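Structure file data_22.pdb (PDB, C-alpha atoms) follows.
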ATOM      1  CA  MET A  64      10.174 -25.438 -29.706  1.00  0.00           C
ATOM      2  CA  SER A  65      12.223 -28.275 -31.086  1.00  0.00           C
ATOM      3  CA  ALA A  66      15.729 -27.968 -32.490  1.00  0.00           C
ATOM      4  CA  GLY A  67      15.697 -26.263 -35.845  1.00  0.00           C
ATOM      5  CA  GLU A  68      12.505 -24.342 -35.103  1.00  0.00           C
ATOM      6  CA  GLY A  69      13.690 -20.837 -34.462  1.00  0.00           C
ATOM      7  CA  ARG A  70      12.092 -17.472 -34.252  1.00  0.00           C
ATOM      8  CA  VAL A  71      12.954 -14.899 -36.886  1.00  0.00           C
ATOM      9  CA  MET A  72      14.753 -12.107 -35.113  1.00  0.00           C
ATOM     10  CA  THR A  73      16.308  -8.903 -36.329  1.00  0.00           C
ATOM     11  CA  ALA A  74      20.005  -8.214 -35.845  1.00  0.00           C
ATOM     12  CA  GLY A  75      20.795  -7.385 -32.236  1.00  0.00           C
ATOM     13  CA  ALA A  76      17.485  -8.689 -30.900  1.00  0.00           C
ATOM     14  CA  ILE A  77      17.657 -10.864 -27.813  1.00  0.00           C
ATOM     15  CA  GLU A  78      15.047 -13.511 -27.109  1.00  0.00           C
ATOM     16  CA  THR A  79      14.236 -13.822 -23.440  1.00  0.00           C
ATOM     17  CA  ASN A  80      11.722 -15.626 -21.307  1.00  0.00           C
ATOM     18  CA  GLU A  81      12.157 -13.307 -18.337  1.00  0.00           C
ATOM     19  CA  ALA A  82       8.666 -11.798 -18.372  1.00  0.00           C
ATOM     20  CA  GLY A  83       6.073 -13.110 -15.963  1.00  0.00           C
ATOM     21  CA  PRO A  84       2.450 -14.110 -16.472  1.00  0.00           C
ATOM     22  CA  SER A  85       1.009 -13.062 -19.824  1.00  0.00           C
ATOM     23  CA  GLY A  86       4.430 -11.818 -20.936  1.00  0.00           C
ATOM     24  CA  ARG A  87       4.117  -8.800 -18.650  1.00  0.00           C
ATOM     25  CA  ASP A  88       6.831  -6.570 -17.307  1.00  0.00           C
ATOM     26  CA  ARG A  89       7.538  -6.568 -13.611  1.00  0.00           C
ATOM     27  CA  VAL A  90       8.429  -4.407 -10.651  1.00  0.00           C
ATOM     28  CA  VAL A  91      10.320  -6.237  -7.902  1.00  0.00           C
ATOM     29  CA  LEU A  92      10.780  -5.260  -4.260  1.00  0.00           C
ATOM     30  CA  ARG A  93      13.103  -7.536  -2.305  1.00  0.00           C
ATOM     31  CA  GLY A  94      13.756  -7.629   1.396  1.00  0.00           C
ATOM     32  CA  ILE A  95      10.789  -5.703   2.822  1.00  0.00           C
ATOM     33  CA  VAL A  96      11.186  -6.136   6.594  1.00  0.00           C
ATOM     34  CA  GLY A  97       8.457  -6.094   9.201  1.00  0.00           C
ATOM     35  CA  PHE A  98       7.990  -7.381  12.734  1.00  0.00           C
ATOM     36  CA  GLY A  99       5.008  -9.652  13.323  1.00  0.00           C
ATOM     37  CA  HIS A 100       3.581 -12.139  15.783  1.00  0.00           C
ATOM     38  CA  HIS A 101       2.707 -14.934  13.360  1.00  0.00           C
ATOM     39  CA  GLY A 102       3.168 -18.604  14.152  1.00  0.00           C
ATOM     40  CA  VAL A 103       1.527 -21.677  15.605  1.00  0.00           C
ATOM     41  CA  PHE A 104       3.423 -21.610  18.898  1.00  0.00           C
ATOM     42  CA  ASP A 105       2.450 -19.415  21.867  1.00  0.00           C
ATOM     43  CA  PHE A 106       5.993 -18.062  22.250  1.00  0.00           C
ATOM     44  CA  GLU A 107       5.944 -16.868  18.604  1.00  0.00           C
ATOM     45  CA  ARG A 108       2.740 -14.970  19.277  1.00  0.00           C
ATOM     46  CA  ARG A 109       4.144 -13.427  22.477  1.00  0.00           C
ATOM     47  CA  GLN A 110       7.680 -12.563  21.359  1.00  0.00           C
ATOM     48  CA  GLY A 111       7.145 -11.928  17.671  1.00  0.00           C
ATOM     49  CA  GLN A 112       9.900 -12.001  15.084  1.00  0.00           C
ATOM     50  CA  GLN A 113      11.151 -10.469  11.881  1.00  0.00           C
ATOM     51  CA  PHE A 114       9.542 -11.416   8.570  1.00  0.00           C
ATOM     52  CA  ILE A 115      11.061 -10.560   5.205  1.00  0.00           C
ATOM     53  CA  VAL A 116       8.937 -10.251   2.088  1.00  0.00           C
ATOM     54  CA  ASP A 117       9.747 -10.156  -1.616  1.00  0.00           C
ATOM     55  CA  VAL A 118       7.057  -8.900  -3.986  1.00  0.00           C
ATOM     56  CA  THR A 119       7.049  -9.186  -7.765  1.00  0.00           C
ATOM     57  CA  CYS A 120       4.331  -7.172  -9.488  1.00  0.00           C
ATOM     58  CA  PHE A 121       3.397  -8.101 -13.045  1.00  0.00           C
ATOM     59  CA  LEU A 122       2.000  -5.278 -15.157  1.00  0.00           C
ATOM     60  CA  ASP A 123       2.484  -3.474 -18.426  1.00  0.00           C
ATOM     61  CA  LEU A 124       5.150  -0.805 -17.888  1.00  0.00           C
ATOM     62  CA  SER A 125       5.112   0.614 -21.406  1.00  0.00           C
ATOM     63  CA  GLY A 126       2.857   3.504 -20.382  1.00  0.00           C
ATOM     64  CA  ALA A 127       5.147   4.487 -17.512  1.00  0.00           C
ATOM     65  CA  ALA A 128       8.205   4.192 -19.748  1.00  0.00           C
ATOM     66  CA  ALA A 129       6.602   6.514 -22.307  1.00  0.00           C
ATOM     67  CA  SER A 130       5.159   9.049 -19.859  1.00  0.00           C
ATOM     68  CA  ASP A 131       7.892   8.994 -17.183  1.00  0.00           C
ATOM     69  CA  ASP A 132       5.027   9.529 -14.702  1.00  0.00           C
ATOM     70  CA  LEU A 133       4.644   7.749 -11.354  1.00  0.00           C
ATOM     71  CA  ALA A 134       0.875   7.622 -11.892  1.00  0.00           C
ATOM     72  CA  ASP A 135       1.466   5.117 -14.714  1.00  0.00           C
ATOM     73  CA  THR A 136       3.281   2.528 -12.583  1.00  0.00           C
ATOM     74  CA  VAL A 137       3.339   1.147  -9.040  1.00  0.00           C
ATOM     75  CA  ASP A 138       4.339   3.499  -6.239  1.00  0.00           C
ATOM     76  CA  TYR A 139       7.100   1.409  -4.616  1.00  0.00           C
ATOM     77  CA  GLY A 140       6.919   3.318  -1.349  1.00  0.00           C
ATOM     78  CA  ALA A 141       3.170   2.842  -0.979  1.00  0.00           C
ATOM     79  CA  LEU A 142       3.489  -0.825  -1.876  1.00  0.00           C
ATOM     80  CA  ALA A 143       6.265  -1.432   0.674  1.00  0.00           C
ATOM     81  CA  ALA A 144       4.307   0.390   3.395  1.00  0.00           C
ATOM     82  CA  ALA A 145       1.212  -1.740   2.681  1.00  0.00           C
ATOM     83  CA  VAL A 146       3.288  -4.928   2.940  1.00  0.00           C
ATOM     84  CA  VAL A 147       4.736  -3.880   6.309  1.00  0.00           C
ATOM     85  CA  ALA A 148       1.239  -2.993   7.550  1.00  0.00           C
ATOM     86  CA  ASP A 149       0.071  -6.500   6.583  1.00  0.00           C
ATOM     87  CA  ILE A 150       3.008  -8.082   8.440  1.00  0.00           C
ATOM     88  CA  GLU A 151       2.400  -5.997  11.568  1.00  0.00           C
ATOM     89  CA  ARG A 152      -1.380  -6.411  11.868  1.00  0.00           C
ATOM     90  CA  ASP A 153      -3.309  -9.255  13.507  1.00  0.00           C
ATOM     91  CA  PRO A 154      -1.393 -12.518  13.895  1.00  0.00           C
ATOM     92  CA  LEU A 155      -1.850 -15.533  11.660  1.00  0.00           C
ATOM     93  CA  ASN A 156      -0.769 -19.120  12.257  1.00  0.00           C
ATOM     94  CA  LEU A 157       0.900 -19.754   8.912  1.00  0.00           C
ATOM     95  CA  ILE A 158       3.168 -17.763   6.611  1.00  0.00           C
ATOM     96  CA  GLU A 159       1.042 -19.207   3.792  1.00  0.00           C
ATOM     97  CA  ALA A 160      -1.848 -17.135   5.130  1.00  0.00           C
ATOM     98  CA  LEU A 161       0.386 -14.079   5.483  1.00  0.00           C
ATOM     99  CA  ALA A 162       1.544 -14.415   1.865  1.00  0.00           C
ATOM    100  CA  GLU A 163      -2.101 -14.661   0.746  1.00  0.00           C
ATOM    101  CA  ARG A 164      -3.017 -11.559   2.785  1.00  0.00           C
ATOM    102  CA  ILE A 165      -0.192  -9.575   1.194  1.00  0.00           C
ATOM    103  CA  ALA A 166      -1.070 -10.748  -2.325  1.00  0.00           C
ATOM    104  CA  LYS A 167      -4.706  -9.682  -1.839  1.00  0.00           C
ATOM    105  CA  THR A 168      -3.593  -6.274  -0.551  1.00  0.00           C
ATOM    106  CA  CYS A 169      -1.284  -5.747  -3.526  1.00  0.00           C
ATOM    107  CA  LEU A 170      -4.005  -6.594  -6.041  1.00  0.00           C
ATOM    108  CA  SER A 171      -6.712  -4.581  -4.271  1.00  0.00           C
ATOM    109  CA  GLN A 172      -4.621  -1.439  -3.696  1.00  0.00           C
ATOM    110  CA  HIS A 173      -2.786  -1.381  -7.017  1.00  0.00           C
ATOM    111  CA  GLN A 174      -5.244  -1.671  -9.878  1.00  0.00           C
ATOM    112  CA  ARG A 175      -2.540  -1.661 -12.561  1.00  0.00           C
ATOM    113  CA  LEU A 176      -1.280  -5.082 -11.460  1.00  0.00           C
ATOM    114  CA  ASP A 177      -2.223  -8.106 -13.545  1.00  0.00           C
ATOM    115  CA  ALA A 178      -0.641 -10.533 -11.083  1.00  0.00           C
ATOM    116  CA  VAL A 179       1.611 -10.586  -8.046  1.00  0.00           C
ATOM    117  CA  GLN A 180       4.078 -13.064  -6.601  1.00  0.00           C
ATOM    118  CA  VAL A 181       4.745 -12.840  -2.868  1.00  0.00           C
ATOM    119  CA  THR A 182       7.468 -14.673  -0.964  1.00  0.00           C
ATOM    120  CA  VAL A 183       7.369 -14.528   2.833  1.00  0.00           C
ATOM    121  CA  HIS A 184      10.608 -15.482   4.586  1.00  0.00           C
ATOM    122  CA  LYS A 185      10.617 -16.517   8.224  1.00  0.00           C
ATOM    123  CA  PRO A 186      14.320 -16.780   9.051  1.00  0.00           C
ATOM    124  CA  GLY A 187      13.630 -17.307  12.760  1.00  0.00           C
ATOM    125  CA  ALA A 188      11.176 -20.159  12.291  1.00  0.00           C
ATOM    126  CA  PRO A 189      11.466 -22.717  15.087  1.00  0.00           C
ATOM    127  CA  MET A 190      12.889 -25.841  13.435  1.00  0.00           C
ATOM    128  CA  PRO A 191      14.197 -29.155  14.774  1.00  0.00           C
ATOM    129  CA  VAL A 192      17.362 -28.752  12.674  1.00  0.00           C
ATOM    130  CA  GLU A 193      19.403 -25.720  11.675  1.00  0.00           C
ATOM    131  CA  VAL A 194      18.109 -23.881   8.597  1.00  0.00           C
ATOM    132  CA  THR A 195      18.946 -20.411   7.351  1.00  0.00           C
ATOM    133  CA  ASP A 196      15.448 -19.605   6.089  1.00  0.00           C
ATOM    134  CA  VAL A 197      11.926 -20.898   5.674  1.00  0.00           C
ATOM    135  CA  ALA A 198       9.902 -19.282   2.896  1.00  0.00           C
ATOM    136  CA  VAL A 199       6.563 -19.637   1.138  1.00  0.00           C
ATOM    137  CA  THR A 200       5.729 -18.200  -2.291  1.00  0.00           C
ATOM    138  CA  VAL A 201       2.253 -17.580  -3.701  1.00  0.00           C
ATOM    139  CA  THR A 202       1.307 -16.189  -7.100  1.00  0.00           C
ATOM    140  CA  ARG A 203      -2.110 -14.610  -7.571  1.00  0.00           C
ATOM    141  CA  SER A 204      -3.740 -13.044 -10.629  1.00  0.00           C
ATOM    142  CA  ARG A 205      -6.808 -10.940 -11.187  1.00  0.00           C
ATOM    143  CA  PRO A 206      -9.840 -12.861 -12.351  1.00  0.00           C
ATOM    144  CA  ILE A 207     -10.253 -12.598 -16.110  1.00  0.00           C
TER     145      ILE A 207
END

Output the structure of this file as structure tokens.
Amino acid sequence: MSAGEGRVMTAGAIETNEAGPSGRDRVVLRGIVGFGHHGVFDFERRQGQQFIVDVTCFLDLSGAAASDDLADTVDYGALAAAVVADIERDPLNLIEALAERIAKTCLSQHQRLDAVQVTVHKPGAPMPVEVTDVAVTVTRSRPI
């Protein structure tokens, strides 16, 4: 929108661009922790390390808001448990692959989701210089 082109809004209305894909609402889980053996180096596979995952689920929450019923939204506990299970199962070389695995699990186990964004943090990644975190983010949607 260029300057001077505004949207007509009623008094007290707030315009925001905070919604995700397709203007959907979202449920966010930050800091899901699991211990996995992912990495390209042998010592990473042997020793393992902590991985931290953030998941943003995009879906329409109006039904849940109206019904006040867990069945109309995402069960946060079930979602978090599925993410930890994905972290703890068979090792992968790359956190890109782990993020993809988690995104597929979220979409397959939670049919209400339109899209999901997954960030996998690997704070203990072996690096040639000091860094506080290495992270990868993927966003996946259901096929239309």

message: Please determine, counting only C-alpha atoms, which residue among A:Leu124, A:Ala148, A:Val201, A:Ala160 has the shortest atom-to-atom distance to Val103 of chain A.
response: A:Ala160

task: Tell me which protein, DNA and RNA residues are within 12 Å of Ala162 of chain A, counting all atoms listed in the file, leaving out same-chain ones fewer than 3 positions away, and put them as a PyMOL selection string.
output: chain A and resi 101+114-118+146-147+149-150+155-159+165-169+179-185+198-203

statement: For Asp105 of chain A, the closest of A:Arg93, A:Leu176, A:Arg87, A:Pro154 counting all atoms listed in the file is A:Pro154

field: 8 Å contact set for Phe121 of chain A, all atoms listed in the file, chain neighbours under 5 positions out, as a PyMOL selection string
entry: chain A and resi 83-84+87-90+176-179

Write a file of the just-selected residues containing C-alpha atoms, as a PDB file, in the frame of the given file.
ATOM      1  CA  GLY A  83       6.073 -13.110 -15.963  1.00  0.00           C
ATOM      2  CA  PRO A  84       2.450 -14.110 -16.472  1.00  0.00           C
ATOM      3  CA  ARG A  87       4.117  -8.800 -18.650  1.00  0.00           C
ATOM      4  CA  ASP A  88       6.831  -6.570 -17.307  1.00  0.00           C
ATOM      5  CA  ARG A  89       7.538  -6.568 -13.611  1.00  0.00           C
ATOM      6  CA  VAL A  90       8.429  -4.407 -10.651  1.00  0.00           C
ATOM      7  CA  LEU A 176      -1.280  -5.082 -11.460  1.00  0.00           C
ATOM      8  CA  ASP A 177      -2.223  -8.106 -13.545  1.00  0.00           C
ATOM      9  CA  ALA A 178      -0.641 -10.533 -11.083  1.00  0.00           C
ATOM     10  CA  VAL A 179       1.611 -10.586  -8.046  1.00  0.00           C
TER      11      VAL A 179
END

query: Written as an MDAnalysis selection string, which residues does the PyMOL selection byres ((chain A and resi 136) around 9) give for the file shown?
result: chainID A and resid 90 122:124 126:128 132:135 137:139 175:176

Selected residues written out, C-alpha atoms, as a PDB file, keeping the file's coordinate frame:
ATOM      1  CA  VAL A  90       8.429  -4.407 -10.651  1.00  0.00           C
ATOM      2  CA  LEU A 122       2.000  -5.278 -15.157  1.00  0.00           C
ATOM      3  CA  ASP A 123       2.484  -3.474 -18.426  1.00  0.00           C
ATOM      4  CA  LEU A 124       5.150  -0.805 -17.888  1.00  0.00           C
ATOM      5  CA  GLY A 126       2.857   3.504 -20.382  1.00  0.00           C
ATOM      6  CA  ALA A 127       5.147   4.487 -17.512  1.00  0.00           C
ATOM      7  CA  ALA A 128       8.205   4.192 -19.748  1.00  0.00           C
ATOM      8  CA  ASP A 132       5.027   9.529 -14.702  1.00  0.00           C
ATOM      9  CA  LEU A 133       4.644   7.749 -11.354  1.00  0.00           C
ATOM     10  CA  ALA A 134       0.875   7.622 -11.892  1.00  0.00           C
ATOM     11  CA  ASP A 135       1.466   5.117 -14.714  1.00  0.00           C
ATOM     12  CA  VAL A 137       3.339   1.147  -9.040  1.00  0.00           C
ATOM     13  CA  ASP A 138       4.339   3.499  -6.239  1.00  0.00           C
ATOM     14  CA  TYR A 139       7.100   1.409  -4.616  1.00  0.00           C
ATOM     15  CA  ARG A 175      -2.540  -1.661 -12.561  1.00  0.00           C
ATOM     16  CA  LEU A 176      -1.280  -5.082 -11.460  1.00  0.00           C
TER      17      LEU A 176
END

message: I'd like to know which of A:Asp196, A:Phe98, A:Ala145, A:Leu92 is closest to Arg164 of chain A, using only C-alpha atoms.
response: A:Ala145
